[in-house]
Every structure is written in structure tokens, then in C-alpha cells.
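Containing mmCIF, C-alpha atoms: input.cif.
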data_run
#
loop_
_atom_site.group_PDB
_atom_site.id
_atom_site.type_symbol
_atom_site.label_atom_id
_atom_site.label_comp_id
_atom_site.auth_asym_id
_atom_site.auth_seq_id
_atom_site.Cartn_x
_atom_site.Cartn_y
_atom_site.Cartn_z
ATOM 1 C CA MET A 1 -28.188 -6.674 -13.721
ATOM 2 C CA GLU A 2 -24.555 -7.383 -14.587
ATOM 3 C CA PRO A 3 -22.238 -4.408 -15.244
ATOM 4 C CA PHE A 4 -21.357 -3.680 -18.873
ATOM 5 C CA TRP A 5 -17.739 -4.886 -18.600
ATOM 6 C CA LYS A 6 -19.017 -8.351 -17.669
ATOM 7 C CA THR A 7 -21.645 -8.576 -20.423
ATOM 8 C CA LYS A 8 -20.012 -6.832 -23.386
ATOM 9 C CA SER A 9 -16.842 -7.441 -25.288
ATOM 10 C CA LEU A 10 -14.492 -4.511 -25.715
ATOM 11 C CA GLU A 11 -15.717 -4.184 -29.303
ATOM 12 C CA GLN A 12 -19.347 -3.913 -28.155
ATOM 13 C CA MET A 13 -18.784 -1.112 -25.662
ATOM 14 C CA THR A 14 -20.045 2.392 -26.314
ATOM 15 C CA THR A 15 -17.552 5.245 -26.316
ATOM 16 C CA ASP A 16 -18.661 6.248 -22.809
ATOM 17 C CA GLU A 17 -18.294 2.677 -21.525
ATOM 18 C CA TRP A 18 -14.866 2.367 -23.143
ATOM 19 C CA GLU A 19 -13.676 5.602 -21.552
ATOM 20 C CA ALA A 20 -15.109 4.611 -18.151
ATOM 21 C CA LEU A 21 -13.063 1.416 -18.262
ATOM 22 C CA CYS A 22 -9.863 3.425 -17.778
ATOM 23 C CA ASP A 23 -8.977 3.224 -14.084
ATOM 24 C CA GLY A 24 -6.906 6.423 -14.133
ATOM 25 C CA CYS A 25 -3.650 4.837 -12.989
ATOM 26 C CA GLY A 26 -1.502 6.657 -15.578
ATOM 27 C CA ARG A 27 0.838 3.694 -16.116
ATOM 28 C CA CYS A 28 0.166 3.610 -19.853
ATOM 29 C CA CYS A 29 1.328 7.244 -20.065
ATOM 30 C CA LEU A 30 4.830 6.367 -18.880
ATOM 31 C CA HIS A 31 7.531 6.233 -21.533
ATOM 32 C CA LYS A 32 8.841 2.855 -22.546
ATOM 33 C CA LEU A 33 12.048 1.895 -24.323
ATOM 34 C CA ARG A 34 12.124 -0.872 -26.926
ATOM 35 C CA HIS A 35 15.586 -2.355 -27.452
ATOM 36 C CA GLU A 36 16.218 -2.629 -31.175
ATOM 37 C CA ASP A 37 18.450 -5.687 -31.044
ATOM 38 C CA THR A 38 16.316 -7.819 -28.701
ATOM 39 C CA ASN A 39 12.850 -6.208 -28.976
ATOM 40 C CA GLU A 40 12.879 -6.268 -25.157
ATOM 41 C CA LEU A 41 10.796 -3.642 -23.421
ATOM 42 C CA SER A 42 11.993 -1.453 -20.565
ATOM 43 C CA PHE A 43 9.638 0.697 -18.524
ATOM 44 C CA THR A 44 10.514 4.113 -17.160
ATOM 45 C CA ASN A 45 8.997 6.305 -14.485
ATOM 46 C CA VAL A 46 8.923 9.234 -16.933
ATOM 47 C CA ALA A 47 5.426 10.462 -17.724
ATOM 48 C CA CYS A 48 4.162 12.109 -20.860
ATOM 49 C CA ARG A 49 4.235 15.868 -20.539
ATOM 50 C CA LEU A 50 0.422 15.939 -20.680
ATOM 51 C CA LEU A 51 -0.071 13.600 -17.719
ATOM 52 C CA ASP A 52 -1.185 15.417 -14.586
ATOM 53 C CA LEU A 53 0.968 13.689 -11.967
ATOM 54 C CA GLN A 54 -1.560 14.338 -9.196
ATOM 55 C CA SER A 55 -4.793 13.185 -10.878
ATOM 56 C CA CYS A 56 -2.988 10.703 -13.189
ATOM 57 C CA ARG A 57 -5.204 11.852 -16.052
ATOM 58 C CA CYS A 58 -4.308 13.515 -19.335
ATOM 59 C CA SER A 59 -4.414 17.287 -19.023
ATOM 60 C CA ASP A 60 -5.560 17.678 -22.654
ATOM 61 C CA TYR A 61 -7.248 14.390 -23.511
ATOM 62 C CA PRO A 62 -9.323 15.658 -26.468
ATOM 63 C CA ARG A 63 -6.243 17.062 -28.249
ATOM 64 C CA ARG A 64 -3.605 14.644 -26.941
ATOM 65 C CA ARG A 65 -2.754 13.077 -30.292
ATOM 66 C CA ARG A 66 -2.277 16.457 -31.932
ATOM 67 C CA ARG A 67 -0.018 17.621 -29.117
ATOM 68 C CA VAL A 68 1.807 14.290 -28.669
ATOM 69 C CA PRO A 69 1.904 12.595 -32.090
ATOM 70 C CA ASP A 70 3.239 9.282 -30.736
ATOM 71 C CA CYS A 71 0.429 8.985 -28.150
ATOM 72 C CA VAL A 72 -1.047 5.523 -28.626
ATOM 73 C CA GLY A 73 -4.799 5.414 -29.064
ATOM 74 C CA LEU A 74 -6.199 2.388 -27.294
ATOM 75 C CA THR A 75 -8.807 0.541 -29.324
ATOM 76 C CA PRO A 76 -9.969 -3.069 -29.167
ATOM 77 C CA ALA A 77 -7.933 -3.802 -32.312
ATOM 78 C CA ALA A 78 -4.829 -2.046 -30.976
ATOM 79 C CA LEU A 79 -5.040 -4.007 -27.719
ATOM 80 C CA GLN A 80 -4.347 -7.214 -29.620
ATOM 81 C CA ALA A 81 -0.846 -6.020 -30.530
ATOM 82 C CA ILE A 82 0.070 -3.996 -27.440
ATOM 83 C CA ASP A 83 2.401 -5.847 -25.066
ATOM 84 C CA TRP A 84 3.126 -3.071 -22.581
ATOM 85 C CA LEU A 85 -0.108 -2.557 -20.678
ATOM 86 C CA PRO A 86 0.331 -3.331 -16.982
ATOM 87 C CA PRO A 87 -1.308 -6.484 -15.582
ATOM 88 C CA SER A 88 -3.629 -4.277 -13.517
ATOM 89 C CA CYS A 89 -4.989 -2.419 -16.585
ATOM 90 C CA ALA A 90 -8.759 -2.772 -16.941
ATOM 91 C CA TYR A 91 -8.554 -2.957 -20.734
ATOM 92 C CA ARG A 92 -6.075 -5.804 -20.523
ATOM 93 C CA ARG A 93 -8.032 -7.550 -17.753
ATOM 94 C CA VAL A 94 -11.337 -7.410 -19.667
ATOM 95 C CA ARG A 95 -9.575 -8.470 -22.877
ATOM 96 C CA ASP A 96 -8.134 -11.465 -21.024
ATOM 97 C CA GLY A 97 -11.493 -12.441 -19.457
ATOM 98 C CA LYS A 98 -10.625 -11.270 -15.932
ATOM 99 C CA SER A 99 -12.719 -9.191 -13.574
ATOM 100 C CA LEU A 100 -11.940 -5.656 -12.502
ATOM 101 C CA ALA A 101 -10.028 -5.223 -9.255
ATOM 102 C CA TRP A 102 -11.757 -3.966 -6.095
ATOM 103 C CA TRP A 103 -10.022 -0.584 -6.360
ATOM 104 C CA HIS A 104 -11.243 0.128 -9.899
ATOM 105 C CA PRO A 105 -13.555 3.178 -9.779
ATOM 106 C CA LEU A 106 -16.332 1.250 -11.549
ATOM 107 C CA VAL A 107 -16.255 -1.326 -8.738
ATOM 108 C CA SER A 108 -15.461 0.885 -5.743
ATOM 109 C CA GLY A 109 -17.529 3.868 -6.848
ATOM 110 C CA ASP A 110 -14.621 6.114 -5.888
ATOM 111 C CA PRO A 111 -12.036 7.416 -8.395
ATOM 112 C CA ASP A 112 -9.522 7.808 -5.564
ATOM 113 C CA THR A 113 -9.238 4.093 -4.692
ATOM 114 C CA VAL A 114 -6.794 3.535 -7.570
ATOM 115 C CA HIS A 115 -4.453 5.928 -5.764
ATOM 116 C CA GLN A 116 -5.244 4.671 -2.256
ATOM 117 C CA ALA A 117 -4.400 1.133 -3.357
ATOM 118 C CA GLY A 118 -0.992 2.232 -4.661
ATOM 119 C CA VAL A 119 -1.781 1.315 -8.253
ATOM 120 C CA SER A 120 -1.396 4.731 -9.873
ATOM 121 C CA VAL A 121 1.767 6.603 -10.800
ATOM 122 C CA ARG A 122 0.993 9.326 -8.236
ATOM 123 C CA GLY A 123 4.167 10.056 -6.288
ATOM 124 C CA ARG A 124 6.202 7.633 -8.420
ATOM 125 C CA ALA A 125 6.577 9.387 -11.768
ATOM 126 C CA VAL A 126 8.463 12.390 -13.068
ATOM 127 C CA SER A 127 7.384 14.579 -15.975
ATOM 128 C CA GLU A 128 9.338 14.272 -19.203
ATOM 129 C CA ARG A 129 9.916 18.021 -18.952
ATOM 130 C CA ARG A 130 12.200 17.398 -15.935
ATOM 131 C CA ALA A 131 13.515 13.891 -16.535
ATOM 132 C CA GLY A 132 16.461 14.185 -18.867
ATOM 133 C CA ALA A 133 17.613 10.921 -20.448
ATOM 134 C CA LEU A 134 15.002 8.152 -20.363
ATOM 135 C CA GLU A 135 17.752 5.575 -19.868
ATOM 136 C CA ASP A 136 18.387 7.099 -16.438
ATOM 137 C CA HIS A 137 14.811 6.361 -15.371
ATOM 138 C CA VAL A 138 14.377 2.658 -16.158
ATOM 139 C CA VAL A 139 12.231 0.912 -13.532
ATOM 140 C CA ASP A 140 10.323 -2.350 -13.472
ATOM 141 C CA TRP A 141 7.227 -1.564 -11.377
ATOM 142 C CA PRO A 142 4.996 -0.287 -14.229
ATOM 143 C CA GLY A 143 5.015 -3.723 -15.865
ATOM 144 C CA LYS A 144 4.458 -5.684 -12.677
ATOM 145 C CA PRO A 145 1.362 -6.301 -10.603
ATOM 146 C CA PRO A 146 1.024 -3.547 -8.006
ATOM 147 C CA ARG A 147 2.351 -4.612 -4.618
ATOM 148 C CA ALA A 148 -0.362 -2.847 -2.636
ATOM 149 C CA VAL A 149 -3.292 -4.233 -4.578
ATOM 150 C CA ARG A 150 -5.071 -6.033 -1.813
ATOM 151 C CA SER A 151 -8.756 -6.190 -1.157
ATOM 152 C CA LYS A 152 -10.182 -4.658 1.959
ATOM 153 C CA ASP A 153 -9.821 -8.059 3.658
ATOM 154 C CA GLY A 154 -6.101 -8.079 2.807
ATOM 155 C CA GLU A 155 -6.186 -10.698 0.061
ATOM 156 C CA LEU A 156 -4.304 -10.305 -3.205
ATOM 157 C CA PRO A 157 -6.264 -11.614 -6.216
ATOM 158 C CA GLU A 158 -4.649 -14.791 -7.635
ATOM 159 C CA ASP A 159 -4.094 -13.299 -11.079
ATOM 160 C CA LEU A 160 -2.246 -10.304 -9.627
ATOM 161 C CA LYS A 161 0.187 -12.234 -7.457
ATOM 162 C CA GLU A 162 3.772 -11.731 -8.563
ATOM 163 C CA THR A 163 5.631 -14.717 -9.841
ATOM 164 C CA THR A 164 9.344 -14.723 -9.219
#
As C-alpha cells, what does this structure read like?
Amino acid sequence: MEPFWKTKSLEQMTTDEWEALCDGCGRCCLHKLRHEDTNELSFTNVACRLLDLQSCRCSDYPRRRRRVPDCVGLTPAALQAIDWLPPSCAYRRVRDGKSLAWWHPLVSGDPDTVHQAGVSVRGRAVSERRAGALEDHVVDWPGKPPRAVRSKDGELPEDLKETT
């Protein structure tokens, strides 16, 4: 039997399936800057104050939108307009008709492979409580394919290869 992410559209998924699709990388919880004059997006390595920098999960997921009013709720409809999800994001990959990467917990069976593969923000992000000015923390890696995302045989999936 095929897994749900291969047989259902994002709109058809149950709440539990939708939540399970999150790989736990934490990249979507990093602050982004949108330049008013150009609409260009800049990524930072500054994490939302609710992001646990070790687990890369929200420390208060059920109440996150009350505690952080600008927290973006991902829904199938919202995904159509969002341009800042990383190329490795499972929601983006399923939306775009791609398969999940080998390190995704639903594929590997291990929630730690997202960290082992170097995809998560673990060890790369700073909490907004300590960061200071966001402009001092602009980085490009959150919007790029992860460098370490290689299968166990060392191959990088075609759709995750960086183009320069």
C-alpha cells in the first residue's frame, strides 16, 4: 500500500497526516525580511522565540498563534501564496509533486535523520531573544537545498542539487 503523501493531495490529508508531514527541520520558524522596495526576501538564522533549538520543534505548538501573532499557519491554501518555504520542505515537495527525501521521518522511521542529514536548524540558529537586529543575521542557507542531503549511498536527489 502506498503511503498517504503519495496517494492524497494536501487538501485530502487528515489533520494527523498533515502534521506528520512536517519533517521537524525548523527552517520555516526562522525570521525572514521582505524588502519593501523590491519585494526581495532575505533569510536570517534567527529563530522564533518558541522554537526549541535542540529539537527544532515549537515549544508551545497548540498556543503558538496566541503567543506569536505573526506565526504563519500552514494550510493547503496558504501554501499557494507562500514563497519562503525551503526546497527541502515536505509540504512544498508534496505540493510540487515530488517525493519525500530519504531523511524525512516518515521515510526513515527516525525523527533524528533530519538532524543527522544536516537539514535542520540545529546548531545553526540563534533565538530571537539573543539575536539583536535581524539585519545582522542575514544568511542564505535556509532558502537553499541542504548541502548534506545525500542518500545513504551518497547521491544527492536531482531536484535538490544546487544550481549556481
Query - All residues 12 Å or closer to Ala77 in chain A, all atoms listed in the file, same chain fewer than 3 positions away omitted, as a PyMOL selection string - result: chain A and resi 9-11+73-74+80-82+91+95
Requested in this report: Can you work out which one of A:Asp83, A:Leu106, A:Arg64, A:Val121 has the shortest atom-to-atom distance to Ser42 in chain A, counting all atoms listed in the file?
Outcome: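 Comparing A:Asp83, A:Leu106, A:Arg64, A:Val121 against Ser42 in chain A, the winner is A:Asp83.
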Query raised in the report: Could you spell out the hits of the PyMOL selection byres ((chain A and resi 98) around 12) on the shown file, as an NGL selection string?
Result: :A and (5-6 or 9 or 87-97 or 99-101 or 157-160)
Report task. For each of A:Leu30, A:Asp60, A:Gln116, A:Leu53, take the minimum atom-to-atom distance to Trp141 in chain A, counting all atoms listed in the file, then give the residue where this is smallest. Result -> A:Leu30
**Report entry** Chain and number of each residue from the PyMOL selection byres ((chain A and resi 44) around 6), as a list of chain:residue names
**Finding:** A:His31, A:Lys32, A:Phe43, A:Asn45, A:Val46, A:His137, A:Val138, A:Val139
